[in-house]
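Okay, input.txt now, which holds compact mmCIF, C-alpha atoms:
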# COMPACT_ATOMS: atom_id res chain seq x y z
CA MET W 26 7.72 -5.37 -18.79
CA ASN W 27 8.68 -5.92 -15.19
CA ALA W 28 9.06 -9.46 -14.01
CA PRO W 29 6.30 -10.10 -11.49
CA SER W 30 7.52 -10.29 -7.93
CA MET W 31 5.73 -13.54 -7.19
CA PRO W 32 6.92 -15.47 -4.17
CA SER W 33 10.28 -16.79 -5.24
CA PRO W 34 11.95 -19.97 -4.01
CA LEU W 35 13.36 -19.33 -0.57
CA VAL W 36 17.11 -19.35 -0.04
CA PRO W 37 17.45 -19.74 3.72
CA LEU W 38 20.26 -17.76 5.29
CA THR W 39 22.78 -19.40 7.59
CA PRO W 40 22.08 -18.62 11.26
CA ALA W 41 25.13 -16.32 11.37
CA ARG W 42 24.03 -14.37 8.28
CA ARG W 43 20.51 -14.19 9.58
CA ARG W 44 21.74 -12.72 12.86
CA ARG W 45 23.86 -10.20 10.96
CA LEU W 46 21.00 -9.16 8.67
CA ARG W 47 18.66 -8.86 11.62
CA GLN W 48 21.18 -6.52 13.25
CA ILE W 49 21.46 -4.47 10.04
CA MET W 50 17.67 -4.12 9.90
CA ARG W 51 17.44 -3.29 13.57
CA GLU W 52 19.93 -0.47 13.11
CA TYR W 53 17.94 0.71 10.10
CA HIS W 54 14.69 0.71 12.08
CA ALA W 55 16.39 2.86 14.74
CA ARG W 56 17.53 5.32 12.06
CA ALA W 57 14.23 5.37 10.19
CA PHE W 58 11.66 5.14 12.96
CA GLY W 59 13.56 6.02 16.15
CA ALA W 60 14.87 3.85 18.98
CA GLU W 61 11.51 3.24 20.68
CA LEU W 62 9.73 2.00 17.54
CA ALA W 63 12.77 -0.08 16.62
CA ARG W 64 12.54 -1.76 20.02
CA ILE W 65 8.81 -2.42 19.52
CA ASN W 66 9.29 -3.73 15.99
CA PHE W 67 11.63 -6.45 17.17
CA LEU W 68 9.41 -7.69 20.00
CA PRO W 69 7.59 -11.02 19.61
CA GLU W 70 4.29 -10.65 17.72
CA LYS W 71 1.88 -10.58 20.66
CA ARG W 72 3.89 -8.05 22.67
CA ARG W 73 4.53 -6.00 19.55
CA LYS W 74 0.84 -5.65 18.72
CA GLN W 75 0.07 -4.83 22.34
CA ALA W 76 2.77 -2.14 22.39
CA VAL W 77 1.42 -0.61 19.16
CA ALA W 78 -2.13 -0.59 20.58
CA GLU W 79 -0.88 1.14 23.74
CA MET W 80 1.03 3.67 21.67
CA ILE W 81 -2.10 4.45 19.63
CA ASP W 82 -4.26 4.75 22.75
CA HIS W 83 -1.72 7.09 24.31
CA ALA W 84 -1.58 9.24 21.17
CA ARG W 85 -5.39 9.43 21.07
CA SER W 86 -5.57 10.38 24.73
CA LYS W 87 -3.31 13.31 23.88
CA GLY W 88 -5.63 14.39 21.09
CA VAL W 89 -3.75 12.98 18.12
CA VAL W 90 -6.08 12.13 15.24
CA LEU W 91 -4.80 9.02 13.51
CA SER W 92 -7.46 8.57 10.84
CA ARG W 93 -6.68 9.59 7.30
CA PRO W 94 -9.14 11.50 5.18
CA ALA W 95 -11.20 9.47 2.73
CA LEU W 96 -9.95 10.32 -0.75
CA GLY W 97 -11.81 7.97 -3.04
CA VAL W 98 -8.47 6.67 -4.23
CA THR W 99 -5.68 5.05 -2.26
CA PRO W 100 -2.29 6.81 -2.45
CA MET Q 3 -11.54 -10.97 7.18
CA GLU Q 4 -11.83 -14.52 8.42
CA ARG Q 5 -15.58 -14.46 7.94
CA ALA Q 6 -15.20 -13.03 4.44
CA GLN Q 7 -12.62 -15.61 3.48
CA GLY Q 8 -14.88 -18.29 4.98
CA ARG Q 9 -17.60 -17.15 2.57
CA GLY Q 10 -15.25 -17.57 -0.37
CA ILE Q 11 -14.45 -13.88 -0.81
CA PRO Q 12 -10.77 -13.43 -1.73
CA CYS Q 13 -9.62 -10.56 0.50
CA ALA Q 14 -6.67 -9.52 2.62
CA ILE Q 15 -5.55 -6.86 5.07
CA THR Q 16 -2.78 -4.70 3.67
CA SER Q 17 -0.91 -1.46 4.30
CA GLY Q 18 -0.52 -0.20 7.90
CA MET Q 19 -2.15 -3.09 9.74
CA ALA Q 20 -0.26 -5.61 7.64
CA CYS Q 21 2.94 -3.73 8.46
CA VAL Q 22 2.23 -4.03 12.18
CA HIS Q 23 1.68 -7.75 11.70
CA PHE Q 24 4.97 -8.04 9.79
CA GLY Q 25 6.96 -6.18 12.45
CA VAL Q 26 6.94 -2.59 11.22
CA ALA Q 27 4.85 -0.53 13.60
CA ALA Q 28 2.44 1.93 12.05
CA THR Q 29 0.16 4.18 14.05
CA THR Q 30 -2.96 3.64 12.02
CA LYS Q 31 -6.34 2.44 13.16
CA ASP Q 32 -7.77 2.56 9.66
CA CYS Q 33 -7.88 -0.82 8.03
CA ASP Q 34 -6.98 -1.14 4.35
CA VAL Q 35 -8.40 -4.21 2.69
CA LEU Q 36 -7.98 -5.73 -0.73
CA CYS Q 37 -11.11 -7.46 -2.02
CA GLN Q 38 -11.58 -9.16 -5.37
CA ALA Q 39 -13.70 -6.84 -7.52
CA GLU Q 40 -16.02 -9.63 -8.65
CA LYS Q 41 -16.95 -10.29 -5.02
CA SER Q 42 -17.85 -6.66 -4.28
CA ASP Q 43 -21.55 -7.38 -3.78
CA GLU Q 44 -20.90 -10.21 -1.32
CA PHE Q 45 -18.32 -8.18 0.57
CA ARG Q 46 -20.61 -5.15 0.75
CA ALA Q 47 -23.42 -7.35 2.10
CA LEU Q 48 -21.07 -8.71 4.76
CA ILE Q 49 -19.94 -5.22 5.76
CA ALA Q 50 -23.54 -3.98 5.90
CA GLU Q 51 -24.51 -6.66 8.42
CA THR Q 52 -21.36 -6.43 10.54
CA GLU Q 53 -21.86 -4.66 13.85
CA LEU Q 54 -19.00 -3.09 15.76
CA ARG Q 55 -19.75 -2.24 19.37
CA GLY Q 56 -23.42 -2.44 18.52
CA LEU Q 57 -23.12 -0.09 15.55
CA LEU Q 58 -23.74 -0.73 11.87
CA PRO Q 59 -21.49 0.85 9.24
CA HIS Q 60 -22.07 3.64 6.73
CA TYR Q 61 -20.32 4.72 3.59
CA ARG Q 62 -17.74 7.26 4.73
CA GLY Q 63 -18.66 10.83 3.80
CA HIS Q 64 -20.00 11.73 0.37
CA ILE Q 65 -16.72 11.09 -1.39
CA SER Q 66 -16.63 7.30 -1.26
CA PRO Q 67 -17.20 5.61 -4.60
CA PRO Q 68 -19.57 2.62 -4.49
CA LEU Q 69 -18.22 -0.80 -3.58
CA ASP Q 70 -19.21 -2.20 -6.95
CA ALA Q 71 -17.18 -4.38 -9.31
CA ARG Q 72 -17.48 -1.93 -12.22
CA TRP Q 73 -15.59 0.81 -10.39
CA MET Q 74 -13.46 -1.32 -8.10
CA ARG Q 75 -11.76 -3.07 -11.00
CA GLY Q 76 -10.87 0.36 -12.36
CA GLY Q 77 -8.83 1.19 -9.25
CA TRP Q 78 -11.30 3.21 -7.17
CA THR Q 79 -11.30 2.93 -3.36
CA SER Q 80 -14.45 2.54 -1.33
CA HIS Q 81 -14.63 3.80 2.26
CA PHE Q 82 -16.79 2.65 5.17
CA THR Q 83 -17.00 3.78 8.76
CA TRP Q 84 -18.44 2.62 12.05
CA LYS Q 85 -19.10 5.65 14.24
CA THR Q 86 -17.42 4.19 17.29
CA ARG Q 87 -16.04 6.38 20.07
CA PRO Q 88 -13.71 8.03 20.79
CA GLU Q 89 -12.78 7.65 17.11
CA GLU Q 90 -14.56 6.21 14.14
CA THR Q 91 -13.43 2.84 12.84
CA CYS Q 92 -12.60 3.16 9.16
CA LEU Q 93 -12.33 0.53 6.47
CA ASP Q 94 -10.84 1.36 3.08
CA ILE Q 95 -11.42 -1.20 0.35
CA PHE Q 96 -9.78 -1.55 -3.01
CA SER Q 97 -9.52 -4.29 -5.56
CA VAL Q 98 -6.44 -3.21 -7.45
CA ALA Q 99 -3.26 -3.05 -5.39
CA PRO Q 100 -1.56 0.20 -6.46
CA ARG Q 101 1.77 -0.56 -8.17
CA GLY Q 102 1.07 -4.27 -7.89
CA SER Q 103 3.14 -6.39 -10.26
CA SER Q 104 1.18 -9.61 -9.80
CA ALA Q 105 -2.17 -10.98 -8.67
CA TRP Q 106 -2.46 -10.20 -4.95
CA GLU Q 107 -5.13 -12.92 -4.64
CA GLN Q 108 -2.40 -15.48 -5.15
CA GLN Q 109 -0.18 -13.94 -2.50
CA LEU Q 110 -1.95 -14.21 0.77
CA GLN Q 111 -0.57 -15.08 4.15
CA GLY Q 112 -3.67 -15.94 6.17
CA ILE Q 113 -5.76 -12.79 6.37
CA TYR Q 114 -2.84 -10.60 5.25
CA ALA Q 115 -1.40 -9.71 1.85
CA ARG Q 116 2.19 -10.91 1.56
CA PHE Q 117 5.25 -8.70 2.13
CA ASN Q 118 5.84 -7.91 -1.53
CA VAL Q 119 2.25 -6.75 -2.16
CA VAL Q 120 2.39 -4.43 0.84
CA ALA Q 121 5.88 -3.18 -0.05
CA GLU Q 122 4.85 -2.28 -3.60
CA MET Q 123 1.90 -0.38 -2.23
CA LYS Q 124 4.25 1.64 -0.06
CA ARG Q 125 5.98 3.23 -3.08
CA THR Q 126 3.86 6.34 -2.72
CA ASN Q 127 4.31 10.08 -2.92
CA ARG Q 128 4.38 10.20 0.90
CA GLU Q 129 7.88 10.36 2.37
CA LYS Q 130 6.80 8.43 5.44
CA ASP Q 131 5.97 5.31 3.45
CA TRP Q 132 9.44 4.54 2.11
CA PRO Q 133 11.00 3.22 5.32
CA PHE Q 134 8.13 0.73 5.46
CA ALA Q 135 9.04 -0.58 2.01
CA THR Q 136 12.69 -0.98 2.99
CA SER Q 137 11.75 -2.69 6.26
CA LEU Q 138 9.46 -5.14 4.46
CA GLY Q 139 12.21 -5.84 1.93
CA GLY Q 140 14.53 -6.61 4.84
CA GLN Q 141 11.96 -8.98 6.32
CA MET Q 142 11.72 -10.80 3.00
CA LEU Q 143 15.49 -11.27 2.90
CA LEU Q 144 15.43 -12.50 6.50
CA GLU Q 145 12.91 -15.12 5.40
CA GLY Q 146 15.18 -16.13 2.55
CA ASP Q 147 13.10 -14.45 -0.18
CA LEU Q 148 15.71 -12.75 -2.36
CA SER Q 149 13.10 -10.66 -4.17
CA GLY Q 150 13.28 -8.56 -1.01
CA TRP Q 151 16.06 -6.74 -2.88
CA LEU Q 152 13.36 -5.13 -5.00
CA HIS Q 153 12.10 -3.24 -1.97
CA LEU Q 154 15.26 -1.88 -0.32
CA TYR Q 155 15.61 1.88 -0.77
CA ASP Q 156 18.30 2.68 1.80
CA LEU Q 157 21.86 2.68 0.50
CA GLU Q 158 23.44 1.70 3.79
CA VAL Q 159 21.11 -1.25 4.20
CA MET Q 160 21.73 -2.33 0.60
CA ARG Q 161 25.49 -2.12 0.99
CA GLN Q 162 25.53 -4.07 4.22
CA ALA Q 163 22.91 -6.60 3.14
CA LEU Q 164 25.17 -7.63 0.25
CA ARG Q 165 27.43 -9.31 2.80
CA THR Q 166 24.60 -11.48 4.06
CA ALA Q 167 22.13 -12.13 1.24
CA GLU Q 168 22.89 -13.00 -2.37
CA LEU Q 169 21.74 -10.46 -4.97
CA PRO Q 170 20.49 -12.47 -7.99
CA ALA Q 171 21.54 -10.89 -11.30
CA GLN Q 172 18.11 -11.52 -12.82
CA LEU Q 173 16.66 -8.85 -10.53
CA HIS Q 174 18.67 -6.17 -12.38
CA ALA Q 175 16.18 -6.21 -15.25
CA THR Q 176 13.28 -5.44 -12.92
CA ARG Q 177 15.24 -2.92 -10.90
CA PRO Q 178 18.21 -1.43 -12.80
CA VAL Q 179 19.54 0.33 -9.68
CA LEU Q 180 20.61 -3.06 -8.38
CA SER Q 181 23.22 -3.33 -11.12
CA LEU Q 182 25.15 -0.64 -9.23
CA ALA Q 183 26.08 -3.27 -6.62
CA PRO Q 184 28.31 -3.28 -4.56
CA PHE Q 185 27.15 0.34 -4.30
CA THR Q 186 30.65 1.64 -3.58
CA ASP Q 187 30.19 4.66 -5.86
CA THR Q 188 28.20 6.32 -3.13
CA LEU Q 189 27.10 9.51 -4.86
CA ARG Q 190 26.08 7.72 -8.03
CA ALA Q 191 24.09 5.14 -6.08
CA LYS Q 192 22.45 7.81 -3.95
CA ARG Q 193 21.44 9.75 -7.03
CA ALA Q 194 20.03 6.67 -8.71
CA LEU Q 195 18.02 5.79 -5.61
CA MET Q 196 16.70 9.33 -5.34
CA ALA Q 197 15.64 9.21 -8.99
CA GLU Q 198 13.93 5.90 -8.47
CA ARG Q 199 11.95 7.12 -5.47
CA MET Q 200 11.06 10.30 -7.26
CA PHE Q 201 9.80 8.29 -10.22
CA TRP Q 202 7.42 6.22 -8.07
CA SER Q 203 6.36 9.36 -6.26
CA GLU Q 204 5.59 11.14 -9.53
CA LEU Q 205 3.67 8.12 -10.80
CA ASP Q 206 1.59 8.13 -7.65
CA GLU Q 207 0.95 11.85 -7.76
CA ILE Q 208 -0.25 11.77 -11.35
CA ARG Q 209 -2.32 8.67 -10.67
CA VAL Q 210 -4.10 10.25 -7.69
CA ARG Q 211 -4.73 13.40 -9.73
CA ILE Q 212 -6.38 11.35 -12.48
CA TYR Q 213 -8.90 9.93 -10.02
CA GLN Q 214 -9.48 13.10 -8.01
CA LYS Q 215 -10.36 15.08 -11.12
CA HIS Q 216 -13.60 13.11 -11.40
CA LEU Q 217 -14.54 13.18 -7.73
CA ARG Q 218 -15.67 16.79 -7.35
CA PRO Q 219 -18.89 16.52 -9.44
CA TYR Q 220 -19.51 13.07 -7.94
CA VAL Q 221 -19.32 14.36 -4.35
CA THR Q 222 -21.68 17.20 -5.17
CA ALA Q 223 -24.14 14.79 -6.77
CA VAL Q 224 -24.03 12.35 -3.83
CA ARG Q 225 -24.51 15.18 -1.34
CA ARG Q 226 -27.50 16.49 -3.25
CA ALA Q 227 -29.05 13.04 -3.72
CA SER Q 228 -28.53 12.18 -0.03
CA ALA Q 229 -30.25 15.43 0.96
CA GLY Q 230 -27.37 16.06 3.32
CA HIS Q 231 -27.81 12.75 5.21
CA ARG Q 232 -24.40 11.23 5.91
CA ASP Q 233 -25.73 8.32 7.91
CA LEU Q 234 -27.89 6.48 5.43
CA GLY Q 235 -27.75 2.70 5.68
CA VAL Q 236 -25.32 0.98 3.35
CA ALA Q 237 -28.04 -0.31 0.99
CA ALA Q 238 -29.76 3.06 0.55
CA ALA Q 239 -26.46 4.93 0.24
CA HIS Q 240 -25.21 2.37 -2.24
CA GLU Q 241 -28.11 2.93 -4.62
CA ILE Q 242 -27.49 6.66 -4.59
CA ARG Q 243 -23.77 6.19 -5.19
CA ILE Q 244 -24.30 3.84 -8.08
CA GLU Q 245 -26.57 6.35 -9.73
CA CYS Q 246 -24.10 9.21 -9.19
CA ALA Q 247 -21.08 7.13 -10.17
CA ALA Q 248 -22.78 6.13 -13.43
CA ARG Q 249 -23.03 9.81 -14.29
CA HIS Q 250 -19.74 11.13 -12.94
CA LEU Q 251 -17.10 8.43 -12.35
CA PRO Q 252 -15.44 6.75 -15.32
CA GLN Q 253 -14.99 3.06 -14.65
CA SER Q 254 -11.36 2.90 -15.78
CA PRO Q 255 -9.82 6.37 -15.49
CA MET Q 256 -6.25 5.06 -15.59
CA ARG Q 257 -6.81 3.06 -18.76
CA ASP Q 258 -8.62 6.03 -20.27
CA TYR Q 259 -5.67 8.26 -19.44
CA GLY Q 260 -3.18 5.71 -20.73
CA ILE Q 261 -0.66 3.75 -18.66
CA ASP Q 262 2.13 4.48 -21.14
CA ARG Q 263 1.33 8.18 -21.02
CA LEU Q 264 1.35 8.13 -17.23
CA ILE Q 265 4.75 6.44 -17.13
CA ALA Q 266 6.18 8.74 -19.79
CA GLU Q 267 5.08 11.82 -17.84
CA ALA Q 268 6.56 10.53 -14.58
CA ARG Q 269 9.86 9.74 -16.36
CA GLU Q 270 9.94 13.15 -17.98
CA ASN Q 271 9.32 14.86 -14.64
CA VAL Q 272 12.26 12.98 -13.15
CA GLY Q 273 14.44 13.79 -16.16
CA VAL Q 274 13.66 17.50 -16.02
CA THR Q 275 14.25 17.66 -12.27
CA MET Q 276 17.31 15.44 -11.90
CA GLY Q 277 18.82 15.26 -15.37
CA HIS Q 278 17.98 12.85 -18.16
CA ASP Q 279 21.02 10.65 -17.49
CA VAL Q 280 19.24 9.17 -14.44
CA LEU Q 281 16.46 7.74 -16.57
CA ALA Q 282 18.63 4.69 -17.24
CA TRP Q 283 18.21 3.69 -13.59
CA LEU Q 284 14.44 3.83 -13.53
CA PRO Q 285 12.36 0.65 -13.55
CA ALA Q 286 10.13 0.01 -16.55
CA ALA Q 287 6.99 0.00 -14.38
CA GLU Q 288 4.64 -1.21 -17.15
CA GLY Q 289 4.22 -4.37 -15.09
CA ASN Q 290 3.15 -2.45 -11.99
CA PHE Q 291 -0.44 -1.90 -13.04
CA HIS Q 292 -1.62 -5.45 -12.60
CA GLY Q 293 -5.38 -5.82 -12.60
CA LEU Q 294 -6.20 -2.52 -14.28

Any chance you could give the structure as structure tokens?
Amino acid sequence: MNAPSMPSPLVPLTPARRRRLRQIMREYHARAFGAELARINFLPEKRRKQAVAEMIDHARSKGVVLSRPALGVTP
Amino acid sequence: MERAQGRGIPCAITSGMACVHFGVAATTKDCDVLCQAEKSDEFRALIAETELRGLLPHYRGHISPPLDARWMRGGWTSHFTWKTRPEETCLDIFSVAPRGSSAWEQQLQGIYARFNVVAEMKRTNREKDWPFATSLGGQMLLEGDLSGWLHLYDLEVMRQALRTAELPAQLHATRPVLSLAPFTDTLRAKRALMAERMFWSELDEIRVRIYQKHLRPYVTAVRRASAGHRDLGVAAAHEIRIECAARHLPQSPMRDYGIDRLIAEARENVGVTMGHDVLAWLPAAEGNFHGL
């Protein structure tokens, strides 16, 4: 049986390690999602959500359908 | 969500919108929500009275199972829509978090499900979901939550993260791939990670098939009973769906099928495709059906 992944006690990283890990993840976001999304993902929350909303509006204005089909079960 | 929580309904936003909140942009306008099965009636009543741009909601299409505790606790998803323009606003509700290893109700962050709940849900048969899991795992590590290691699926990230975040040995039991740390045997680690992803993907594919098998007669019955009307009010549509679901939708299709059987089939599929030696790196997964 798997151990449940309940919130575990936090082990705060040192500021230097945190900076390094943030850089690792930023590089990963660029590889996985592309440079523009990586930039958006690392914006402060308010600007990030605004950028995502603008991106969605732009996609819709170009005819992109973003809704998924209803399936009756969630993949 | 705030209104629902204010009424004592345990619920949370998850999936794409939660990812956006957590710093992983997703281009979805559909909202996925977890709602405690026992509160289905209250949540449905709240949805039914909630206007969006002056519009009331409907069940989405004929395919949506009823938002009713009997089916929701068996893992079905219920869909609602507000016919807003230029696009509809869609709400997908489920009570069992797919692949969840613990009670999501105890892991809320305001109106959102926590990182680990969302990350487990992203272990799907859709390629596009996996980078979200890895990104959420990275966020957990950044917050000092070492169980983030359970959600990293990119070898380069795993290798580099080892230099910044401790990898607790007790996580190896939950995720055997982690015992390959420091991941210097690149090909072996890559193969193990591929096998692991394929395993979750196979599990998801079989799981979806189990549910979909029952939907065809249900959809036909709902269509017939609705006399073709797609825009019935929630209350009227709900009555029809309950009646059709009672005839065509088993309440616990996964349990009926057998969790052990499901896991065994997914493992076998991985073994046949990638070689049986990789099975040693697969997680047990029995604990990832919490709530069913």

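For the choices W:Asp82, W:Lys87, W:Asn66, W:Ala55, the atom-to-atom distance to chain Q is smallest for W:Asn66 when using all atoms listed in the file.
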
Quick one: residues within 9 Å of region 52-55 of chain Q, only C-alpha atoms, excluding same-chain residues fewer than 5 positions away - as a PyMOL selection string? chain Q and resi 47+84-86+91

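Going from CA of Phe117 (chain Q) over to CA of Gly18 (chain Q), you cover 11.8 Å.
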
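Of the residues listed (Q:Ile49, Q:Cys21, Q:Ile212, Q:Met200), Q:Ile212 shows the shortest atom-to-atom separation from Arg257 (chain Q); distances use all atoms listed in the file.
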
Residues around (-22.7, -10.9, 3.5), cut-off 12 Å, counting all atoms listed in the file - what are they as a list in words? Met3, Arg5, Ala6, Gln7, Gly8, Arg9, Gly10, Ile11, Lys41, Ser42, Asp43, Glu44, Phe45, Arg46, Ala47, Leu48, Ile49, Ala50, Glu51 and Thr52 of chain Q

Mind dumping a table of every chain Q residue within 6 Å of chain W, with the nearest atom pair and its distance in Å to one decimal, using all atoms listed in the file, sorted by chain and rising number, as JSON lines?
{"residue": "Q:Gly25", "atom": "CA", "partner": "W:Asn66", "partner_atom": "CA", "distance": 4.9}
{"residue": "Q:Val26", "atom": "CA", "partner": "W:Asn66", "partner_atom": "CA", "distance": 5.4}
{"residue": "Q:Ala27", "atom": "CA", "partner": "W:Asn66", "partner_atom": "CA", "distance": 6.0}
{"residue": "Q:Thr30", "atom": "CA", "partner": "W:Leu91", "partner_atom": "CA", "distance": 5.9}
{"residue": "Q:Ser66", "atom": "CA", "partner": "W:Gly97", "partner_atom": "CA", "distance": 5.2}
{"residue": "Q:Trp78", "atom": "CA", "partner": "W:Val98", "partner_atom": "CA", "distance": 5.4}
{"residue": "Q:Thr79", "atom": "CA", "partner": "W:Val98", "partner_atom": "CA", "distance": 4.8}
{"residue": "Q:Ser103", "atom": "CA", "partner": "W:Pro29", "partner_atom": "CA", "distance": 5.0}
{"residue": "Q:Ser104", "atom": "CA", "partner": "W:Pro29", "partner_atom": "CA", "distance": 5.4}
{"residue": "Q:Gly146", "atom": "CA", "partner": "W:Pro37", "partner_atom": "CA", "distance": 4.4}
{"residue": "Q:Asp147", "atom": "CA", "partner": "W:Leu35", "partner_atom": "CA", "distance": 4.9}
{"residue": "Q:Thr166", "atom": "CA", "partner": "W:Arg42", "partner_atom": "CA", "distance": 5.1}
{"residue": "Q:Thr176", "atom": "CA", "partner": "W:Asn27", "partner_atom": "CA", "distance": 5.2}
{"residue": "Q:Glu288", "atom": "CA", "partner": "W:Met26", "partner_atom": "CA", "distance": 5.4}
{"residue": "Q:Gly289", "atom": "CA", "partner": "W:Asn27", "partner_atom": "CA", "distance": 4.7}

note - CA of Cys33 (chain Q) and CA of Met142 (chain Q) are separated by 22.6 Å

Point-to-point distance in Å for CA of Ser17 (chain Q) and CA of His216 (chain Q): 24.9 Å

Would you list the residues near (-9.7, -4.1, 5.0), meaning any protein, DNA or RNA residue with an atom at most 7 Å from that point in file coordinates, counting all atoms listed in the file, as a PyMOL selection string? chain Q and resi 14-15+33-36+93-95

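Among Q:Trp73, Q:Trp283, Q:Phe24, Q:Phe134, the residue with the shortest atom-to-atom distance to Ala194 (chain Q), counting only C-alpha atoms, is Q:Trp283.
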
Between Q:Ala237, Q:Thr126, Q:Leu284, Q:Arg177, which is the closest to Glu198 (chain Q) once you count all atoms listed in the file? Q:Leu284

9 Å contact set for Tyr61 (chain Q), all atoms listed in the file, chain neighbours under 2 positions out, as number ranges by chain: Q: 59, 63-68, 80-84, 232-236, 239-240
